[in-house]
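Enquirer: Pasting final05.cif below, which is mmCIF, C-alpha atoms and all ligand atoms.
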```cif
data_my_file
loop_
_atom_site.label_atom_id
_atom_site.label_comp_id
_atom_site.auth_asym_id
_atom_site.auth_seq_id
_atom_site.Cartn_x
_atom_site.Cartn_y
_atom_site.Cartn_z
CA MET A 1 -20.47 9.46 -21.73
CA SER A 2 -23.89 8.13 -22.84
CA GLU A 3 -25.17 5.12 -20.95
CA ASN A 4 -25.22 3.09 -24.17
CA GLN A 5 -21.50 3.45 -24.82
CA PRO A 6 -19.29 0.65 -23.52
CA SER A 7 -17.08 1.84 -20.68
CA ALA A 8 -13.34 2.03 -21.35
CA PRO A 9 -11.31 -1.01 -20.25
CA PRO A 10 -9.01 -0.43 -17.30
CA THR A 11 -5.40 0.42 -18.20
CA VAL A 12 -2.67 -0.16 -15.62
CA MET A 13 0.44 1.99 -15.77
CA ARG A 14 3.38 3.37 -13.91
CA LEU A 15 2.63 7.01 -13.09
CA PRO A 16 5.32 9.66 -13.68
CA SER A 17 4.18 11.47 -10.54
CA TYR A 18 1.47 11.34 -7.93
CA THR A 19 0.57 14.53 -6.11
CA LYS A 20 -2.37 15.68 -4.03
CA THR A 21 -4.14 16.52 -7.32
CA GLU A 22 -4.04 12.90 -8.50
CA GLN A 23 -5.01 11.63 -5.05
CA GLU A 24 -8.02 13.98 -5.06
CA GLU A 25 -8.98 12.79 -8.55
CA ILE A 26 -9.35 9.31 -7.03
CA LEU A 27 -10.54 9.95 -3.49
CA GLY A 28 -11.96 13.47 -3.51
CA ASN A 29 -10.84 16.09 -1.02
CA GLY A 30 -12.29 14.72 2.22
CA ASP A 31 -10.37 15.09 5.48
CA ASP A 32 -9.40 11.46 6.06
CA PRO A 33 -9.82 9.43 2.86
CA PHE A 34 -7.77 6.50 4.24
CA GLY A 35 -9.60 6.42 7.57
CA VAL A 36 -6.35 6.48 9.56
CA ALA A 37 -6.36 10.02 11.02
CA GLU A 38 -7.30 8.61 14.43
CA ALA A 39 -3.91 6.90 14.59
CA GLY A 40 -2.31 10.37 14.61
CA LEU A 41 0.77 9.24 12.68
CA ALA A 42 3.13 11.00 10.29
CA TRP A 43 3.59 9.08 7.02
CA LEU A 44 6.22 8.98 4.28
CA PRO A 45 5.31 9.82 0.71
CA LYS A 46 5.81 6.96 -1.72
CA GLU A 47 8.53 7.10 -4.39
CA GLU A 48 7.11 4.97 -7.20
CA HIS A 49 3.51 5.08 -8.28
CA PHE A 50 1.15 2.81 -10.20
CA GLY A 51 -2.30 3.72 -11.40
CA VAL A 52 -5.36 2.45 -13.22
CA THR A 53 -7.18 4.66 -15.70
CA LEU A 54 -10.63 4.23 -17.21
CA GLY A 55 -10.58 6.40 -20.32
CA ASP A 56 -8.96 9.63 -19.15
CA ARG A 57 -9.89 9.16 -15.49
CA LEU A 58 -7.37 8.01 -12.90
CA VAL A 59 -9.37 5.65 -10.68
CA ALA A 60 -6.80 3.72 -8.62
CA HIS A 61 -3.32 4.10 -7.16
CA ALA A 62 -0.71 2.14 -5.23
CA GLY A 63 2.68 3.52 -4.18
CA LEU A 64 6.00 1.92 -3.26
CA LEU A 65 9.27 2.71 -1.59
CA ARG A 66 12.16 0.79 -0.06
CA LEU A 67 12.32 0.96 3.71
CA PRO A 68 15.09 -0.03 6.13
CA LEU A 69 14.04 -2.20 9.06
CA ALA A 70 15.26 -4.80 11.52
CA ILE A 71 13.64 -8.20 11.90
CA GLY A 72 15.13 -9.67 15.06
CA ASP A 73 18.88 -8.95 14.90
CA THR A 74 18.96 -8.69 11.11
CA LYS A 75 18.97 -5.33 9.40
CA THR A 76 17.35 -5.53 6.00
CA GLU A 77 14.91 -3.74 3.70
CA VAL A 78 11.31 -4.25 2.63
CA VAL A 79 9.27 -2.66 -0.12
CA GLY A 80 6.63 -0.57 1.63
CA VAL A 81 3.27 -0.39 -0.13
CA GLY A 82 0.99 2.53 0.62
CA GLY A 83 -1.55 4.98 -0.63
CA VAL A 84 -3.70 2.17 -2.04
CA ALA A 85 -6.83 3.94 -3.22
CA VAL A 86 -9.75 3.29 -5.56
CA ALA A 87 -12.34 5.87 -6.59
CA PRO A 88 -15.55 5.27 -4.59
CA GLN A 89 -17.68 4.63 -7.69
CA GLU A 90 -15.27 1.95 -8.99
CA ARG A 91 -14.85 -0.08 -5.78
CA GLY A 92 -15.67 -3.77 -5.67
CA ARG A 93 -14.62 -4.27 -9.31
CA GLY A 94 -11.08 -5.57 -8.84
CA MET A 95 -9.28 -2.22 -9.21
CA ALA A 96 -7.30 -2.63 -5.99
CA ARG A 97 -6.34 -6.15 -7.07
CA LEU A 98 -5.16 -4.79 -10.43
CA VAL A 99 -3.13 -1.85 -9.14
CA VAL A 100 -1.56 -3.73 -6.21
CA ALA A 101 -0.56 -6.56 -8.58
CA ALA A 102 1.14 -4.02 -10.89
CA ALA A 103 2.96 -2.45 -7.95
CA LEU A 104 4.11 -5.86 -6.67
CA HIS A 105 5.27 -6.88 -10.14
CA HIS A 106 7.63 -3.91 -10.01
CA ALA A 107 8.48 -4.50 -6.34
CA ARG A 108 9.93 -7.88 -7.32
CA THR A 109 12.63 -6.03 -9.28
CA MET A 110 13.59 -3.75 -6.37
CA GLY A 111 15.70 -6.17 -4.32
CA PRO A 112 13.95 -6.82 -0.98
CA GLN A 113 12.45 -10.24 -0.37
CA HIS A 114 9.18 -9.00 1.13
CA ALA A 115 6.64 -6.22 0.80
CA LEU A 116 4.93 -4.74 3.85
CA LEU A 117 1.88 -2.53 4.35
CA PHE A 118 -0.19 -1.10 7.18
CA CYS A 119 -3.98 -1.14 7.10
CA ARG A 120 -7.07 -0.79 9.21
CA PRO A 121 -8.21 -4.10 10.77
CA SER A 122 -11.31 -4.11 8.54
CA LEU A 123 -9.09 -4.40 5.43
CA VAL A 124 -7.15 -7.49 6.60
CA PRO A 125 -9.54 -9.94 4.82
CA LEU A 126 -9.26 -7.93 1.58
CA TYR A 127 -5.46 -8.01 1.60
CA GLN A 128 -5.49 -11.70 2.59
CA ARG A 129 -7.57 -12.28 -0.51
CA LEU A 130 -4.76 -10.57 -2.47
CA GLY A 131 -2.17 -12.95 -0.95
CA TRP A 132 -0.94 -10.90 2.03
CA HIS A 133 -0.46 -12.28 5.57
CA PRO A 134 -1.04 -10.39 8.84
CA LEU A 135 1.92 -10.16 11.22
CA ASP A 136 0.58 -10.97 14.67
CA GLN A 137 3.16 -9.01 16.63
CA GLU A 138 4.06 -5.48 17.58
CA VAL A 139 5.79 -3.40 14.93
CA LEU A 140 7.78 -0.33 15.93
CA VAL A 141 7.94 2.66 13.60
CA GLU A 142 9.60 6.05 13.80
CA GLN A 143 7.79 9.34 14.22
CA PRO A 144 9.01 12.94 14.22
CA GLU A 145 11.32 14.13 17.00
CA SER A 146 13.08 10.77 17.23
CA ARG A 147 10.03 9.07 18.72
CA VAL A 148 9.56 5.33 18.24
CA VAL A 149 5.96 4.14 18.57
CA THR A 150 4.04 0.89 18.23
CA MET A 151 2.11 0.86 14.96
CA PRO A 152 -1.59 0.90 15.94
CA LEU A 153 -2.75 -0.39 12.54
CA ARG A 154 -2.38 -3.96 11.31
CA THR A 155 0.85 -4.95 9.55
CA MET A 156 0.68 -7.25 6.54
CA VAL A 157 3.45 -8.82 4.48
CA THR A 158 3.79 -10.73 1.25
CA PRO A 159 6.84 -12.46 -0.28
CA LEU A 160 8.41 -11.00 -3.42
CA ARG A 161 10.34 -14.17 -4.28
CA ASP A 162 9.58 -17.87 -4.31
CA ASN A 163 10.26 -19.84 -1.15
CA VAL A 164 11.01 -16.99 1.23
CA ALA A 165 9.42 -16.99 4.67
CA TRP A 166 9.07 -13.92 6.87
CA PRO A 167 11.83 -14.26 9.53
CA SER A 168 10.84 -14.50 13.19
CA GLY A 169 11.70 -11.73 15.63
CA PRO A 170 10.63 -8.24 16.59
CA VAL A 171 10.09 -5.83 13.73
CA ARG A 172 11.34 -2.26 13.85
CA LEU A 173 11.13 0.17 10.95
CA PHE A 174 13.97 2.70 10.79
CA SER A 175 11.72 5.30 9.17
CA LEU A 176 8.27 6.82 9.31
CA PRO A 177 5.60 4.36 8.12
CA MET A 178 4.37 4.66 4.53
C1 LIG B 1 -9.64 -0.57 0.15
C2 LIG B 1 -9.88 -0.27 -1.35
C3 LIG B 1 -8.56 0.16 -1.96
C4 LIG B 1 -10.39 -1.56 -2.02
O1 LIG B 1 -10.54 -1.32 -3.43
P1 LIG B 1 -11.48 -2.23 -4.37
O2 LIG B 1 -11.20 -1.87 -5.77
O3 LIG B 1 -12.88 -2.14 -3.90
O4 LIG B 1 -10.93 -3.70 -4.09
P2 LIG B 1 -11.07 -4.94 -5.10
O5 LIG B 1 -12.42 -4.88 -5.77
O6 LIG B 1 -9.88 -5.01 -5.97
O7 LIG B 1 -11.06 -6.14 -4.09
C5 LIG B 1 -9.89 -6.88 -3.84
C6 LIG B 1 -10.26 -8.29 -3.41
O8 LIG B 1 -10.67 -8.26 -2.04
C7 LIG B 1 -11.94 -8.91 -1.94
N1 LIG B 1 -12.62 -8.29 -0.81
C8 LIG B 1 -13.14 -7.06 -0.74
N2 LIG B 1 -13.66 -6.86 0.48
C9 LIG B 1 -13.46 -8.00 1.18
C10 LIG B 1 -13.77 -8.42 2.48
N3 LIG B 1 -14.40 -7.62 3.36
N4 LIG B 1 -13.40 -9.67 2.87
C11 LIG B 1 -12.75 -10.49 2.01
N5 LIG B 1 -12.42 -10.13 0.75
C12 LIG B 1 -12.78 -8.90 0.36
C13 LIG B 1 -12.60 -8.69 -3.27
O9 LIG B 1 -13.61 -9.66 -3.50
C14 LIG B 1 -11.42 -8.88 -4.20
O10 LIG B 1 -11.11 -10.25 -4.35
P3 LIG B 1 -11.33 -10.99 -5.78
O11 LIG B 1 -10.57 -10.15 -6.78
O12 LIG B 1 -10.74 -12.33 -5.56
O13 LIG B 1 -12.82 -10.98 -5.96
C15 LIG B 1 -10.96 0.85 -1.52
O14 LIG B 1 -12.10 0.50 -0.78
C16 LIG B 1 -10.49 2.23 -1.09
O15 LIG B 1 -9.89 2.99 -1.86
N6 LIG B 1 -10.76 2.62 0.20
C17 LIG B 1 -10.38 3.97 0.69
C18 LIG B 1 -8.86 4.13 0.85
C19 LIG B 1 -8.27 3.03 1.72
O16 LIG B 1 -8.76 2.72 2.80
N7 LIG B 1 -7.17 2.41 1.21
C20 LIG B 1 -6.47 1.32 1.88
C21 LIG B 1 -5.21 1.81 2.50
S1 LIG B 1 -4.37 0.43 3.28
#
```
Could you write out this file's structure as structure tokens?
Expert:
Amino acid sequence: MSENQPSAPPTVMRLPSYTKTEQEEILGNGDDPFGVAEAGLAWLPKEEHFGVTLGDRLVAHAGLLRLPLAIGDTKTEVVGVGGVAVAPQERGRGMARLVVAAALHHARTMGPQHALLFCRPSLVPLYQRLGWHPLDQEVLVEQPESRVVTMPLRTMVTPLRDNVAWPSGPVRLFSLPM
């Protein structure tokens, strides 16, 4: 595109699928695009996908899936949010805000009262800016071979309905993290 042409406005959409090809379109094919390899964890793929395009380029993604967990003695479900990614050249322009908002709009129709994500400590202020709250407690998650480990990344939550507070008590995911 010539530099004089206006750039295409961002379009937010639900994606029919999201494979390694789409992820590489956004993040390239580096070894650790999410910066979480050090944690050494196995992750679940997401089941529903939202994206932002600029013209014919996919530049942002957020994925969702329902996850079973216990909060204290109560077994319930959350909507897990993961795979949040913005193409390097489009960062700092509100693309994460746009795609996470689209994903949460859909998450509100999925049933659970809260959404949950895991992130590096350096991203806590960014997600707080988007309305998420850090959980200041240990969160247990499953790993292959029936292992249960303490999540080394930060856990953040956000309500999906009006007037719901995150319950108190230990948190234990009955699945791999997402
Ligand atoms: C993390 C990432 C998704 C952010 O994408 P982005 O498009 O640059 O984010 P946005 O521009 O939408 O910023 C979201 C908000 O956070 C704010 N923000 C950004 N960095 C911040 C910081 N360090 N402290 C406080 N707020 C911050 C922005 O100002 C914006 O708020 P505003 O809309 O009110 O101005 C992007 O850097 C990325 O893809 N990183 C690599 C993959 C990754 O680590 N994904 C996260 C997995 S949990």
Enquirer: List all protein, DNA and RNA residues that have any atom at most 10 Å from ligand LIG 1 (chain B), counting all atoms listed in the file, and write the list as JSON, numbers by chain.
Expert: {"A": [26, 27, 32, 33, 34, 35, 36, 59, 60, 61, 62, 81, 82, 83, 84, 85, 86, 87, 88, 89, 90, 91, 92, 93, 94, 95, 96, 97, 98, 99, 100, 101, 117, 118, 119, 120, 121, 122, 123, 124, 125, 126, 127, 128, 129, 130, 131, 153, 154, 155, 156, 178]}
Enquirer: Using only C-alpha atoms, which residues sit within 8 Å of Glu48 in chain A once same-chain residues fewer than 2 positions away are excluded, as a short mmCIF file (atom, residue, chain, number, x, y, z; two decimals) with C-alpha atoms, in the frame of the given file?
Expert:
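The file below, around14.cif, is the result:
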```cif
data_model
loop_
_atom_site.label_atom_id
_atom_site.label_comp_id
_atom_site.auth_asym_id
_atom_site.auth_seq_id
_atom_site.Cartn_x
_atom_site.Cartn_y
_atom_site.Cartn_z
CA ARG A 14 3.38 3.37 -13.91
CA LEU A 15 2.63 7.01 -13.09
CA SER A 17 4.18 11.47 -10.54
CA LYS A 46 5.81 6.96 -1.72
CA PHE A 50 1.15 2.81 -10.20
CA GLY A 63 2.68 3.52 -4.18
CA LEU A 64 6.00 1.92 -3.26
CA LEU A 65 9.27 2.71 -1.59
#
```
Enquirer: To one decimal place, how far is CA of Lys20 in chain A from CA of Ala42 in chain A in Å?
Expert: 16.0 Å
Enquirer: Taking into account only C-alpha atoms, which residue in the set A:Val52, A:Leu116, A:Leu69, A:Ala107 is nearest to Val171 in chain A?
Expert: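 Once distances to Val171 in chain A are computed over only C-alpha atoms, the minimum belongs to A:Leu69.
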Enquirer: Using all atoms listed in the file, find the one residue out of A:Thr74, A:Gln23, A:Asn163, A:Thr11 that sits nearest to Asp56 in chain A.
Expert: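 Closest to Asp56 in chain A, using all atoms listed in the file: A:Thr11.
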Enquirer: Set the distance at 6 Å and use all atoms listed in the file: which residues neighbour range 140-151 of chain A once local chain neighbours fewer than 6 positions away are removed? I'd like the list as number ranges by chain.
Expert: A: 172-173, 175-176
Enquirer: Using only C-alpha atoms, which of the listed residues (A:Pro112, A:Pro152, A:Gly55, A:Pro6) sits closest to Val164 in chain A?
Expert: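 Between A:Pro112, A:Pro152, A:Gly55, A:Pro6, the residue approaching Val164 in chain A most closely is A:Pro112.
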Enquirer: What is the distance, in Å and to one decimal place, between CA of Leu67 in chain A and CA of Arg108 in chain A?
Expert: 14.3 Å
Enquirer: Would you please work out which residue, of A:Thr19, A:Thr158, A:Thr76, A:Gln137, is nearest to Ala115 in chain A when using all atoms listed in the file?
Expert: A:Thr158
Enquirer: What does the distance between CA of Pro10 in chain A and CA of His106 in chain A come to in Å, to one decimal place?
Expert: 18.5 Å
Enquirer: Kindly complete range 99-110 of chain A to all heavy atoms; the output should be written as an mmCIF file, keeping the file's coordinate frame.
Expert:
```cif
data_model
loop_
_atom_site.group_PDB
_atom_site.id
_atom_site.type_symbol
_atom_site.label_atom_id
_atom_site.label_comp_id
_atom_site.auth_asym_id
_atom_site.auth_seq_id
_atom_site.Cartn_x
_atom_site.Cartn_y
_atom_site.Cartn_z
ATOM 1 N N VAL A 99 -4.201 -2.837 -9.357
ATOM 2 C CA VAL A 99 -3.130 -1.850 -9.140
ATOM 3 C C VAL A 99 -2.088 -2.386 -8.142
ATOM 4 O O VAL A 99 -0.892 -2.124 -8.301
ATOM 5 C CB VAL A 99 -3.730 -0.476 -8.750
ATOM 6 C CG1 VAL A 99 -4.128 -0.395 -7.288
ATOM 7 C CG2 VAL A 99 -2.769 0.646 -9.116
ATOM 8 N N VAL A 100 -2.536 -3.156 -7.154
ATOM 9 C CA VAL A 100 -1.560 -3.730 -6.210
ATOM 10 C C VAL A 100 -0.722 -4.794 -6.919
ATOM 11 O O VAL A 100 0.492 -4.873 -6.711
ATOM 12 C CB VAL A 100 -2.283 -4.303 -4.956
ATOM 13 C CG1 VAL A 100 -1.316 -5.099 -4.081
ATOM 14 C CG2 VAL A 100 -2.912 -3.165 -4.144
ATOM 15 N N ALA A 101 -1.333 -5.559 -7.816
ATOM 16 C CA ALA A 101 -0.560 -6.560 -8.580
ATOM 17 C C ALA A 101 0.505 -5.872 -9.437
ATOM 18 O O ALA A 101 1.649 -6.337 -9.524
ATOM 19 C CB ALA A 101 -1.495 -7.397 -9.453
ATOM 20 N N ALA A 102 0.156 -4.744 -10.065
ATOM 21 C CA ALA A 102 1.140 -4.020 -10.890
ATOM 22 C C ALA A 102 2.275 -3.497 -10.018
ATOM 23 O O ALA A 102 3.456 -3.585 -10.391
ATOM 24 C CB ALA A 102 0.454 -2.861 -11.616
ATOM 25 N N ALA A 103 1.930 -2.965 -8.860
ATOM 26 C CA ALA A 103 2.960 -2.450 -7.950
ATOM 27 C C ALA A 103 3.872 -3.590 -7.484
ATOM 28 O O ALA A 103 5.101 -3.445 -7.452
ATOM 29 C CB ALA A 103 2.303 -1.751 -6.762
ATOM 30 N N LEU A 104 3.284 -4.735 -7.151
ATOM 31 C CA LEU A 104 4.110 -5.860 -6.670
ATOM 32 C C LEU A 104 4.966 -6.447 -7.782
ATOM 33 O O LEU A 104 6.081 -6.909 -7.535
ATOM 34 C CB LEU A 104 3.227 -6.945 -6.046
ATOM 35 C CG LEU A 104 2.592 -6.585 -4.708
ATOM 36 C CD1 LEU A 104 1.846 -7.788 -4.154
ATOM 37 C CD2 LEU A 104 3.624 -6.113 -3.688
ATOM 38 N N HIS A 105 4.472 -6.416 -8.997
ATOM 39 C CA HIS A 105 5.270 -6.880 -10.140
ATOM 40 C C HIS A 105 6.568 -6.063 -10.200
ATOM 41 O O HIS A 105 7.661 -6.603 -10.364
ATOM 42 C CB HIS A 105 4.455 -6.716 -11.420
ATOM 43 C CG HIS A 105 5.132 -7.232 -12.638
ATOM 44 N ND1 HIS A 105 5.275 -8.582 -12.885
ATOM 45 C CD2 HIS A 105 5.733 -6.585 -13.665
ATOM 46 C CE1 HIS A 105 5.933 -8.734 -14.016
ATOM 47 N NE2 HIS A 105 6.233 -7.537 -14.510
ATOM 48 N N HIS A 106 6.433 -4.766 -10.026
ATOM 49 C CA HIS A 106 7.630 -3.910 -10.010
ATOM 50 C C HIS A 106 8.446 -4.146 -8.740
ATOM 51 O O HIS A 106 9.690 -4.171 -8.782
ATOM 52 C CB HIS A 106 7.229 -2.442 -10.123
ATOM 53 C CG HIS A 106 8.412 -1.541 -10.138
ATOM 54 N ND1 HIS A 106 9.232 -1.421 -11.233
ATOM 55 C CD2 HIS A 106 8.962 -0.755 -9.167
ATOM 56 C CE1 HIS A 106 10.224 -0.598 -10.949
ATOM 57 N NE2 HIS A 106 10.080 -0.183 -9.704
ATOM 58 N N ALA A 107 7.763 -4.314 -7.610
ATOM 59 C CA ALA A 107 8.480 -4.500 -6.340
ATOM 60 C C ALA A 107 9.428 -5.697 -6.415
ATOM 61 O O ALA A 107 10.484 -5.694 -5.773
ATOM 62 C CB ALA A 107 7.462 -4.696 -5.206
ATOM 63 N N ARG A 108 9.064 -6.686 -7.190
ATOM 64 C CA ARG A 108 9.930 -7.880 -7.320
ATOM 65 C C ARG A 108 11.260 -7.559 -7.968
ATOM 66 O O ARG A 108 12.197 -8.352 -7.884
ATOM 67 C CB ARG A 108 9.199 -8.981 -8.104
ATOM 68 C CG ARG A 108 8.077 -9.577 -7.317
ATOM 69 C CD ARG A 108 7.435 -10.818 -7.944
ATOM 70 N NE ARG A 108 6.238 -11.102 -7.168
ATOM 71 C CZ ARG A 108 5.017 -10.673 -7.477
ATOM 72 N NH1 ARG A 108 4.808 -10.033 -8.611
ATOM 73 N NH2 ARG A 108 4.006 -10.905 -6.682
ATOM 74 N N THR A 109 11.359 -6.416 -8.645
ATOM 75 C CA THR A 109 12.630 -6.030 -9.280
ATOM 76 C C THR A 109 13.459 -5.119 -8.356
ATOM 77 O O THR A 109 14.550 -4.702 -8.739
ATOM 78 C CB THR A 109 12.372 -5.239 -10.590
ATOM 79 O OG1 THR A 109 11.797 -3.946 -10.260
ATOM 80 C CG2 THR A 109 11.446 -5.988 -11.523
ATOM 81 N N MET A 110 12.939 -4.786 -7.188
ATOM 82 C CA MET A 110 13.590 -3.750 -6.370
ATOM 83 C C MET A 110 14.617 -4.289 -5.381
ATOM 84 O O MET A 110 15.324 -3.517 -4.753
ATOM 85 C CB MET A 110 12.521 -2.924 -5.624
ATOM 86 C CG MET A 110 11.681 -2.068 -6.563
ATOM 87 S SD MET A 110 10.237 -1.314 -5.759
ATOM 88 C CE MET A 110 10.991 -0.102 -4.681
#
```
